[in-house]
Number of protein chains: 2
Amino acid sequence: MYNFCNRLAVRSHLILAPHHSHPAPLPMESALFSSSPLSAFVPRSPPSLASRPLRLLSLPFSLLIHHSPPPRGGPPLLPRRLLRRFSPAAYADADAAAASAAESRSSGDRVVARPSSELRMGRPGGSGTGVAGDEKLRSLRELFARPDVAIDAYIIPSQDAHQSEFIAECFMRRAYLTGFTGSAGTAVVTKEKAALWTDGRYFLQAEKQLSPDWILMRSGNQGVPTTSEWLNDVLPAGCRIGIDPFLFSHDAAEELKEAISKKNHELILIKDFNLVDEIWKSRPKPPGKPTRVHDIKYAGVDVLSKLSSLRSVLVENGCTAIVISMLDEVAWLLNMRGSDVPNSPVFYSYLIVEISHATLFVDNNKVTPGVLDHLKSAGVELKPYEEILSEVESLAAKGAKLWLDTSCVNAAIVSIFRSACERHFTRLATKSRKQLNNGASSDLISIKSEDIRNGIPNGLYKVSPVAIAKAVKNKAEIEGMKNSHLRDAAALSEFWCWMEQEVKNNLTLTEVAVADKLFEFRKQQEGFIDTSFDTISGYGANGAVIHYKPTSDSCSFVGTDNLFLLDSGGQYVDGTTDITRTVHFGEPSAWQKECFTRVLQGHIALDQAIFPERMPGFVLDVLARSSLWKVGLDYRHGTGHGVGAALNVHEGPQSISFRFGNLTALQNGMIVSNEPGYYEDHSFGIRIENLLLVKEVDLPNSYGGIGFLGFEKLTFVPIQSKLIDTSLLSPMEIKWVNDYHSQVWEKVSPLVNVAVRDWLWRNTSHAACWTLKSRGKMRTQLMSTCLILSISMFARPIKQQRVL
Amino acid sequence: MYNFCNRLAVRSHLILAPHHSHPAPLPMESALFSSSPLSAFVPRSPPSLASRPLRLLSLPFSLLIHHSPPPRGGPPLLPRRLLRRFSPAAYADADAAAASAAESRSSGDRVVARPSSELRMGRPGGSGTGVAGDEKLRSLRELFARPDVAIDAYIIPSQDAHQSEFIAECFMRRAYLTGFTGSAGTAVVTKEKAALWTDGRYFLQAEKQLSPDWILMRSGNQGVPTTSEWLNDVLPAGCRIGIDPFLFSHDAAEELKEAISKKNHELILIKDFNLVDEIWKSRPKPPGKPTRVHDIKYAGVDVLSKLSSLRSVLVENGCTAIVISMLDEVAWLLNMRGSDVPNSPVFYSYLIVEISHATLFVDNNKVTPGVLDHLKSAGVELKPYEEILSEVESLAAKGAKLWLDTSCVNAAIVSIFRSACERHFTRLATKSRKQLNNGASSDLISIKSEDIRNGIPNGLYKVSPVAIAKAVKNKAEIEGMKNSHLRDAAALSEFWCWMEQEVKNNLTLTEVAVADKLFEFRKQQEGFIDTSFDTISGYGANGAVIHYKPTSDSCSFVGTDNLFLLDSGGQYVDGTTDITRTVHFGEPSAWQKECFTRVLQGHIALDQAIFPERMPGFVLDVLARSSLWKVGLDYRHGTGHGVGAALNVHEGPQSISFRFGNLTALQNGMIVSNEPGYYEDHSFGIRIENLLLVKEVDLPNSYGGIGFLGFEKLTFVPIQSKLIDTSLLSPMEIKWVNDYHSQVWEKVSPLVNVAVRDWLWRNTSHAACWTLKSRGKMRTQLMSTCLILSISMFARPIKQQRVL
């Protein structure tokens, strides 16, 4: 997983002698840090371990179930968490901008848990109400010397305890400490120095927001070290480097530990309190809004059935329990939704599913009587959120075989479990030795040891089975996704119709105002809850910034001289949407048209793909790029990510990307985005994105008895014909555009008012007459479409009939 | 590498705890067995080890240079040897039939080292001159009890000591022992049982050829165990299983050792004699034809320069020597060619390159004075072939850092080296301990140990650097490939012209007769040496057998009622060819035309691909399949393999395959085949194959400063227009066919006589007029082509002008 960026390095050699495989270090800013603290909710109760910093203890290998280890030299396996972070949020960078939920937003009332004014104004030395810049650092460093801390450096990542893409404000510790409010960044503070790592999209912002006490580390620039490289460089050998183990996945902590061990540094897990929280005087309260039941008509499968399937998988794998820490997995499994973070309808919680019962760890105040009944009927007990650690310890004491997806479960949980297992094992081993000394034969002891092994707790470190179950949508989920997409399409049609007028009359229409207006249109749709990510509204050169996020104080006016890229999505009660359109309100250049058309050709090629089942998504990625490659163009992000059903807009495990590390097969019922693009720095950006449902296709043949899959479109919003250079398109591609627009008209026109219907007509009919005059078959088809349409829309003015 | 066939199994779980990675077992019949004995040439001289069977001894890890181990969960790395066997010979099954060199052939005089009548008639109990069936097994089993053998079972693979695709007759021990002459198979003999594993293409043949004493193991059929599974099943625990370590690569032997250790069996390396040789009374002599110098005008780079580059790589990797055992690598590096095996112009030898000198281990009688001068001027010494082991031992004694590609270097060499290293290390360690006892401080000793480590011999187990150097062709090699392809195209045009007539007049034209006739035409071409593999000549249902190899006693007549598939290639002094064409001499059905057209569309899509540099071939594989997938069709072999320049027709490391394990990037100067197909069992087979040169392309843009690559065709033989359903083709695809045929005409017509030119004209001009009447641009282009052509071919009859 670690070397995908450097394919040549990977393939250039092969070690064939037996060896230990060690995790290679990950780039800090991308995947190493993952986290979130439970301490936010209550002062952490040290469950049973001493309150001293906890060192990562390794269990003897024999205690771990090595479940079919990845074969040596075998296909690459990315921890699911990394797939998520890389594939949807970073691979399909297209949408990665959506990840910047932590930032201040322009319109105030539509999203829960956004940064307070304190955070927004948190510029050190500025008017923030918090401790001033150096003051914060000084306070933090004072803590280093405390006997229960005793560290030389502290790492402050951006994450919460659940690897969430969008996090609640009380967990924005890195933003509080540094004053830098970008979504991605890692702060490292030593006794003498303080440094912040962030990536290219935030260099300017970080320069503005950081006080002179901070060194800005421009990740990705040549010669810039990773956090661990830097620590190994600036600290003398043998230092103690502290982290909050809730804020790192177990894997990430292990990798960090490995990386800093090169300089003999020790990784100190400080689990009883977060050092930033200690100095954060007016820290916001943790989110406490009530959760709700996700209606069975949208969920499709009841909780008991989901738990029962999960338990079967546990039994098959010889496990007695599983800890689920990903918030969307908990929400999906329990048919519940919440509003603790922006954009994703999830709530802070952990879930432990055992063979006979299940326990949800959540704050009581979030559970309404209705939700309580819902959980009771599924046999799910409630415990306070902060009791997760003590429960994991008692699982070990009970001899549980615990399934832990260490790519996302945090280091606090995993290390508590491993320590508890080790204590248990030591106790039993001592007992056995005593028996041996008392005269039992060594044979007997070896048999006993076997028994002990069977009886003692251990961990299965394996990707969570909930991820794939959640990714393959059931009938009701598909239905909800289709319905919400039609309402979303209606909102977008209304928006584009408004926009087309507005942009000509309003010379000071800003990118932010556009996003706000779009929000208004969406809000009018039934079942709308929230945006599914922060709208990317980029005019001209801003469209070329893949992660662009306009803010009210620094954004462009939208005009008629350049391309306008709009990537947005909605959370509805029945589904989640994600769509990008690129338009020009004036006269596009021939070059812009060529680029747009090549992106469209890639979009069409992927949309039309038919492929055998069991095919990983990356096999199809080339289809979306071929037309760009023909003229030496490309785009630096993946082509598709998974999307949740009324859940996270980015989910795994599937993806469609040029990085071929993700071997997850596309399956009937999965949803993926189709979003090729092209970005010309300082000039313009193009992206065309629809969501697609993976679907079995019925073909005249079935070679080798294998099933074939294809895609069904979920998104129905016109693609601007003006930007298409039809001379580049094949007849098949022209037919695709026409067919798509016919479908858009058919599905969306009944949902909008007359004025918008007029806009929709114009924007779905123009393409229809391209080069098709001589094609009798197409003409007949279009004529019959017209006939149907004219029946269904008698209110339309006669002048707007389709020209064939 | 081991789980590629089962992608789902691979991606379904992830072990994140540290673990030892063990080699997984390989299917026996494909890659586990690899070999060839040096004992063939002389009675093996036990170099310095006792003549007792040698056990595989593992060195302490610290003795091995672990050169950047593949990251855990990182991209899959296939040992190069496996890539070769899987990618060209098995992935691109298209050509795997070519691997069946061991079989009897129909026309007697054109290929060296083919099976003698003894082998051909080796049917146990038949008229073979060897020991009769049971007699052979009885004799072999008698040897099991000898004190210097002392084994319970013996494994007899098909290979020689160099992992050669085509082997000399004296190494066909498996064929001699079992009577089964198919190219692929592994025999295992225990004291009670004898079993032979082979794959689907040889089931019938094996049934006919095996005596009742043999159990036929149908590899690939459900429930059929692998050889090691079977051994673990039929033998009681703790047996001694013998192999000839020359006949297994080190990796294969290690994997076998691991697999049988499950039943506590021990792997015994019997290196001093091969048990089959002991009972093979009239064993053919090893090949002894003289080698020749490969002219610098074809080789392009002289030996000194090649050795110098190799030495730089050795130094970069901290090595002082390398053992090269692949015959094509030796031939390429030394600009020499030979004729020890059929189809490949190589000679049995090993090469050791050290920093200051190089030694070729080859039988003296193969070295002519000219070759001797050639080698001397490059500073290459000669030693007898069989001295390789003692030389490797003395390298260890000299403290060499030896580069060994254990995926292809045999277990005899690697184990000798490891044992020698271990002895050396033990000796030094003892010496150090003595010094310690004599009062030296422990600090001093630890420093000494470091020195010792630097001074002692060790192995770098890494893919041979010669493979990639050989795969990237230089200017002269490319020139030679182009020239030989034109002469080959002339031969094929003459052949197809003849065939078209013959098939109508000769009702008893057999597949074998066709192959023989083709050979005659090729033989007339300048510089022709041999076929590059056994011709696959399959009419009707036989064309659907991907590995089909007709024999004179069991082959079909070629008629006008079905498709005829012909896959063949030539070895020329300046290049190697490999081409497949599928034709119909009567009226193809609409379905056959659709299938052919879809295969052609895949061929065109790959041919036309433009892609960024550093892209592994598998990314492009989908392009060749998309058109088939659209209607539920596919083919079960890879799409492209590497081809040597006047060398092996199958070479690595690159490939284009649906199996995405090979991460080797396609590079400017590489050669790959483009051979999609479709096979309808019991009905017909289709394959269209050209060779392509990977070439930098000059594009209007260069996104991110990245270079782009494309393909240049090397093969110029008409594709039968009759089989193309033009209604399925896009204008671009039609243009491709027309352009290709124009090129064929232009390049090949000057090389053939008038009658053949007439055939060529008809077969390159028909396609030109499809649907192009209204396309002015195309018409102009075609007219100018015509103009050029008519100037260049004044001899053509006037009536045959192109119809536009």
# chains A, B, ... in the order shown; residues from 1 in each chain; ligands from 1
call {"tool": "residues_around", "arguments": {"residues": "Gly677 (chain B)", "least_positions_apart": "2", "cutoff": "12 Å", "atoms": "only C-alpha atoms", "output": "ChimeraX atom specification"}}
result
/B:92-95,543-546,565,567,580-582,595-603,624-625,627-628,633-640,674-675,679-680,684-689
call {"tool": "closest_residue", "arguments": {"among": "A:Ala429, A:Leu360, A:Leu691, A:Leu623", "to": "chain B", "atoms": "only C-alpha atoms"}}
result
A:Leu623
call {"tool": "residues_around", "arguments": {"residues": "region 377-389 of chain A", "least_positions_apart": "6", "cutoff": "7 Å", "atoms": "only C-alpha atoms", "output": "ChimeraX atom specification"}}
result
/A:38,47,303-304,349-350,357-364,413,416
call {"tool": "write_last_selection", "arguments": {"atoms": "C-alpha atoms", "output": "PDB file, in the first residue's frame"}}
result
ATOM      1  CA  LEU A  38     -13.539  10.516  23.692  1.00  0.00           C
ATOM      2  CA  PRO A  47     -10.859   2.319  33.108  1.00  0.00           C
ATOM      3  CA  VAL A 303     -31.465  -3.910  12.453  1.00  0.00           C
ATOM      4  CA  LEU A 304     -31.996  -7.441  13.743  1.00  0.00           C
ATOM      5  CA  SER A 349     -20.652   6.524  19.108  1.00  0.00           C
ATOM      6  CA  TYR A 350     -19.021   3.106  19.197  1.00  0.00           C
ATOM      7  CA  HIS A 357     -26.005  -9.005  22.415  1.00  0.00           C
ATOM      8  CA  ALA A 358     -24.930  -5.605  21.205  1.00  0.00           C
ATOM      9  CA  THR A 359     -23.987  -2.407  23.006  1.00  0.00           C
ATOM     10  CA  LEU A 360     -24.109   1.114  21.641  1.00  0.00           C
ATOM     11  CA  PHE A 361     -21.800   3.576  23.350  1.00  0.00           C
ATOM     12  CA  VAL A 362     -23.438   6.951  22.941  1.00  0.00           C
ATOM     13  CA  ASP A 363     -24.320   9.971  25.039  1.00  0.00           C
ATOM     14  CA  ASN A 364     -27.709   9.452  26.649  1.00  0.00           C
ATOM     15  CA  ILE A 413      -8.862   0.788  21.999  1.00  0.00           C
ATOM     16  CA  ILE A 416      -6.052  -1.464  25.829  1.00  0.00           C
TER      17      ILE A 416
END
call {"tool": "select_by_dssp", "arguments": {"residues": "region 555-674 of chain A", "states": "alpha helix (DSSP H)", "output": "ChimeraX atom specification"}}
result
/A:590-607,618-629
call {"tool": "write_last_selection", "arguments": {"atoms": "N, CA and C atoms", "output": "PDB file, in the first residue's frame"}}
result
ATOM      1  N   ALA A 590     -12.258  27.446 -28.502  1.00  0.00           N
ATOM      2  CA  ALA A 590     -12.194  26.124 -29.158  1.00  0.00           C
ATOM      3  C   ALA A 590     -11.415  25.144 -28.275  1.00  0.00           C
ATOM      4  N   TRP A 591     -10.391  25.658 -27.620  1.00  0.00           N
ATOM      5  CA  TRP A 591      -9.569  24.813 -26.758  1.00  0.00           C
ATOM      6  C   TRP A 591     -10.361  24.309 -25.549  1.00  0.00           C
ATOM      7  N   GLN A 592     -11.137  25.246 -24.947  1.00  0.00           N
ATOM      8  CA  GLN A 592     -11.977  24.825 -23.824  1.00  0.00           C
ATOM      9  C   GLN A 592     -12.981  23.774 -24.270  1.00  0.00           C
ATOM     10  N   LYS A 593     -13.520  23.955 -25.472  1.00  0.00           N
ATOM     11  CA  LYS A 593     -14.486  22.979 -25.995  1.00  0.00           C
ATOM     12  C   LYS A 593     -13.815  21.634 -26.221  1.00  0.00           C
ATOM     13  N   GLU A 594     -12.617  21.681 -26.772  1.00  0.00           N
ATOM     14  CA  GLU A 594     -11.926  20.409 -27.005  1.00  0.00           C
ATOM     15  C   GLU A 594     -11.681  19.684 -25.674  1.00  0.00           C
ATOM     16  N   CYS A 595     -11.196  20.435 -24.685  1.00  0.00           N
ATOM     17  CA  CYS A 595     -10.930  19.813 -23.379  1.00  0.00           C
ATOM     18  C   CYS A 595     -12.212  19.257 -22.779  1.00  0.00           C
ATOM     19  N   PHE A 596     -13.264  20.076 -22.808  1.00  0.00           N
ATOM     20  CA  PHE A 596     -14.540  19.633 -22.251  1.00  0.00           C
ATOM     21  C   PHE A 596     -15.016  18.367 -22.959  1.00  0.00           C
ATOM     22  N   THR A 597     -14.889  18.364 -24.277  1.00  0.00           N
ATOM     23  CA  THR A 597     -15.382  17.231 -25.049  1.00  0.00           C
ATOM     24  C   THR A 597     -14.593  15.968 -24.730  1.00  0.00           C
ATOM     25  N   ARG A 598     -13.294  16.126 -24.531  1.00  0.00           N
ATOM     26  CA  ARG A 598     -12.476  14.945 -24.194  1.00  0.00           C
ATOM     27  C   ARG A 598     -12.816  14.418 -22.798  1.00  0.00           C
ATOM     28  N   VAL A 599     -13.087  15.327 -21.875  1.00  0.00           N
ATOM     29  CA  VAL A 599     -13.535  14.886 -20.552  1.00  0.00           C
ATOM     30  C   VAL A 599     -14.872  14.154 -20.694  1.00  0.00           C
ATOM     31  N   LEU A 600     -15.742  14.730 -21.501  1.00  0.00           N
ATOM     32  CA  LEU A 600     -17.052  14.098 -21.714  1.00  0.00           C
ATOM     33  C   LEU A 600     -16.900  12.713 -22.337  1.00  0.00           C
ATOM     34  N   GLN A 601     -15.966  12.582 -23.284  1.00  0.00           N
ATOM     35  CA  GLN A 601     -15.759  11.271 -23.915  1.00  0.00           C
ATOM     36  C   GLN A 601     -15.320  10.229 -22.876  1.00  0.00           C
ATOM     37  N   GLY A 602     -14.464  10.665 -21.947  1.00  0.00           N
ATOM     38  CA  GLY A 602     -14.063   9.770 -20.870  1.00  0.00           C
ATOM     39  C   GLY A 602     -15.245   9.392 -19.990  1.00  0.00           C
ATOM     40  N   HIS A 603     -16.061  10.415 -19.695  1.00  0.00           N
ATOM     41  CA  HIS A 603     -17.246  10.181 -18.872  1.00  0.00           C
ATOM     42  C   HIS A 603     -18.171   9.168 -19.556  1.00  0.00           C
ATOM     43  N   ILE A 604     -18.359   9.349 -20.847  1.00  0.00           N
ATOM     44  CA  ILE A 604     -19.245   8.447 -21.598  1.00  0.00           C
ATOM     45  C   ILE A 604     -18.659   7.038 -21.638  1.00  0.00           C
ATOM     46  N   ALA A 605     -17.354   6.939 -21.882  1.00  0.00           N
ATOM     47  CA  ALA A 605     -16.724   5.618 -22.001  1.00  0.00           C
ATOM     48  C   ALA A 605     -16.894   4.822 -20.703  1.00  0.00           C
ATOM     49  N   LEU A 606     -16.705   5.494 -19.575  1.00  0.00           N
ATOM     50  CA  LEU A 606     -16.874   4.787 -18.306  1.00  0.00           C
ATOM     51  C   LEU A 606     -18.345   4.442 -18.083  1.00  0.00           C
ATOM     52  N   ASP A 607     -19.216   5.420 -18.355  1.00  0.00           N
ATOM     53  CA  ASP A 607     -20.658   5.205 -18.179  1.00  0.00           C
ATOM     54  C   ASP A 607     -21.147   4.001 -18.974  1.00  0.00           C
ATOM     55  N   PHE A 618     -10.282  -0.203 -10.600  1.00  0.00           N
ATOM     56  CA  PHE A 618      -9.167   0.461 -11.273  1.00  0.00           C
ATOM     57  C   PHE A 618      -8.979  -0.004 -12.705  1.00  0.00           C
ATOM     58  N   VAL A 619      -9.488  -1.194 -13.022  1.00  0.00           N
ATOM     59  CA  VAL A 619      -9.376  -1.699 -14.389  1.00  0.00           C
ATOM     60  C   VAL A 619     -10.094  -0.758 -15.362  1.00  0.00           C
ATOM     61  N   LEU A 620     -11.145  -0.102 -14.881  1.00  0.00           N
ATOM     62  CA  LEU A 620     -11.952   0.739 -15.768  1.00  0.00           C
ATOM     63  C   LEU A 620     -11.432   2.173 -15.873  1.00  0.00           C
ATOM     64  N   ASP A 621     -10.533   2.533 -14.982  1.00  0.00           N
ATOM     65  CA  ASP A 621     -10.071   3.918 -14.930  1.00  0.00           C
ATOM     66  C   ASP A 621      -9.533   4.421 -16.269  1.00  0.00           C
ATOM     67  N   VAL A 622      -8.818   3.541 -16.977  1.00  0.00           N
ATOM     68  CA  VAL A 622      -8.204   3.931 -18.250  1.00  0.00           C
ATOM     69  C   VAL A 622      -9.255   4.397 -19.264  1.00  0.00           C
ATOM     70  N   LEU A 623     -10.465   3.846 -19.160  1.00  0.00           N
ATOM     71  CA  LEU A 623     -11.515   4.227 -20.103  1.00  0.00           C
ATOM     72  C   LEU A 623     -11.832   5.722 -19.986  1.00  0.00           C
ATOM     73  N   ALA A 624     -11.775   6.224 -18.756  1.00  0.00           N
ATOM     74  CA  ALA A 624     -12.114   7.630 -18.534  1.00  0.00           C
ATOM     75  C   ALA A 624     -10.990   8.570 -18.954  1.00  0.00           C
ATOM     76  N   ARG A 625      -9.802   8.032 -19.160  1.00  0.00           N
ATOM     77  CA  ARG A 625      -8.641   8.887 -19.471  1.00  0.00           C
ATOM     78  C   ARG A 625      -8.189   8.828 -20.928  1.00  0.00           C
ATOM     79  N   SER A 626      -8.544   7.740 -21.610  1.00  0.00           N
ATOM     80  CA  SER A 626      -7.993   7.516 -22.956  1.00  0.00           C
ATOM     81  C   SER A 626      -8.136   8.716 -23.879  1.00  0.00           C
ATOM     82  N   SER A 627      -9.314   9.335 -23.863  1.00  0.00           N
ATOM     83  CA  SER A 627      -9.546  10.438 -24.803  1.00  0.00           C
ATOM     84  C   SER A 627      -8.648  11.630 -24.469  1.00  0.00           C
ATOM     85  N   LEU A 628      -8.349  11.826 -23.195  1.00  0.00           N
ATOM     86  CA  LEU A 628      -7.434  12.911 -22.817  1.00  0.00           C
ATOM     87  C   LEU A 628      -5.999  12.542 -23.172  1.00  0.00           C
ATOM     88  N   TRP A 629      -5.625  11.309 -22.886  1.00  0.00           N
ATOM     89  CA  TRP A 629      -4.261  10.850 -23.184  1.00  0.00           C
ATOM     90  C   TRP A 629      -3.918  11.026 -24.666  1.00  0.00           C
TER      91      TRP A 629
END
call {"tool": "residues_around", "arguments": {"residues": "region 555-558 of chain A", "least_positions_apart": "2", "cutoff": "6 Å", "atoms": "only C-alpha atoms", "output": "PyMOL selection string"}}
result
chain A and resi 508-511+539+550-551
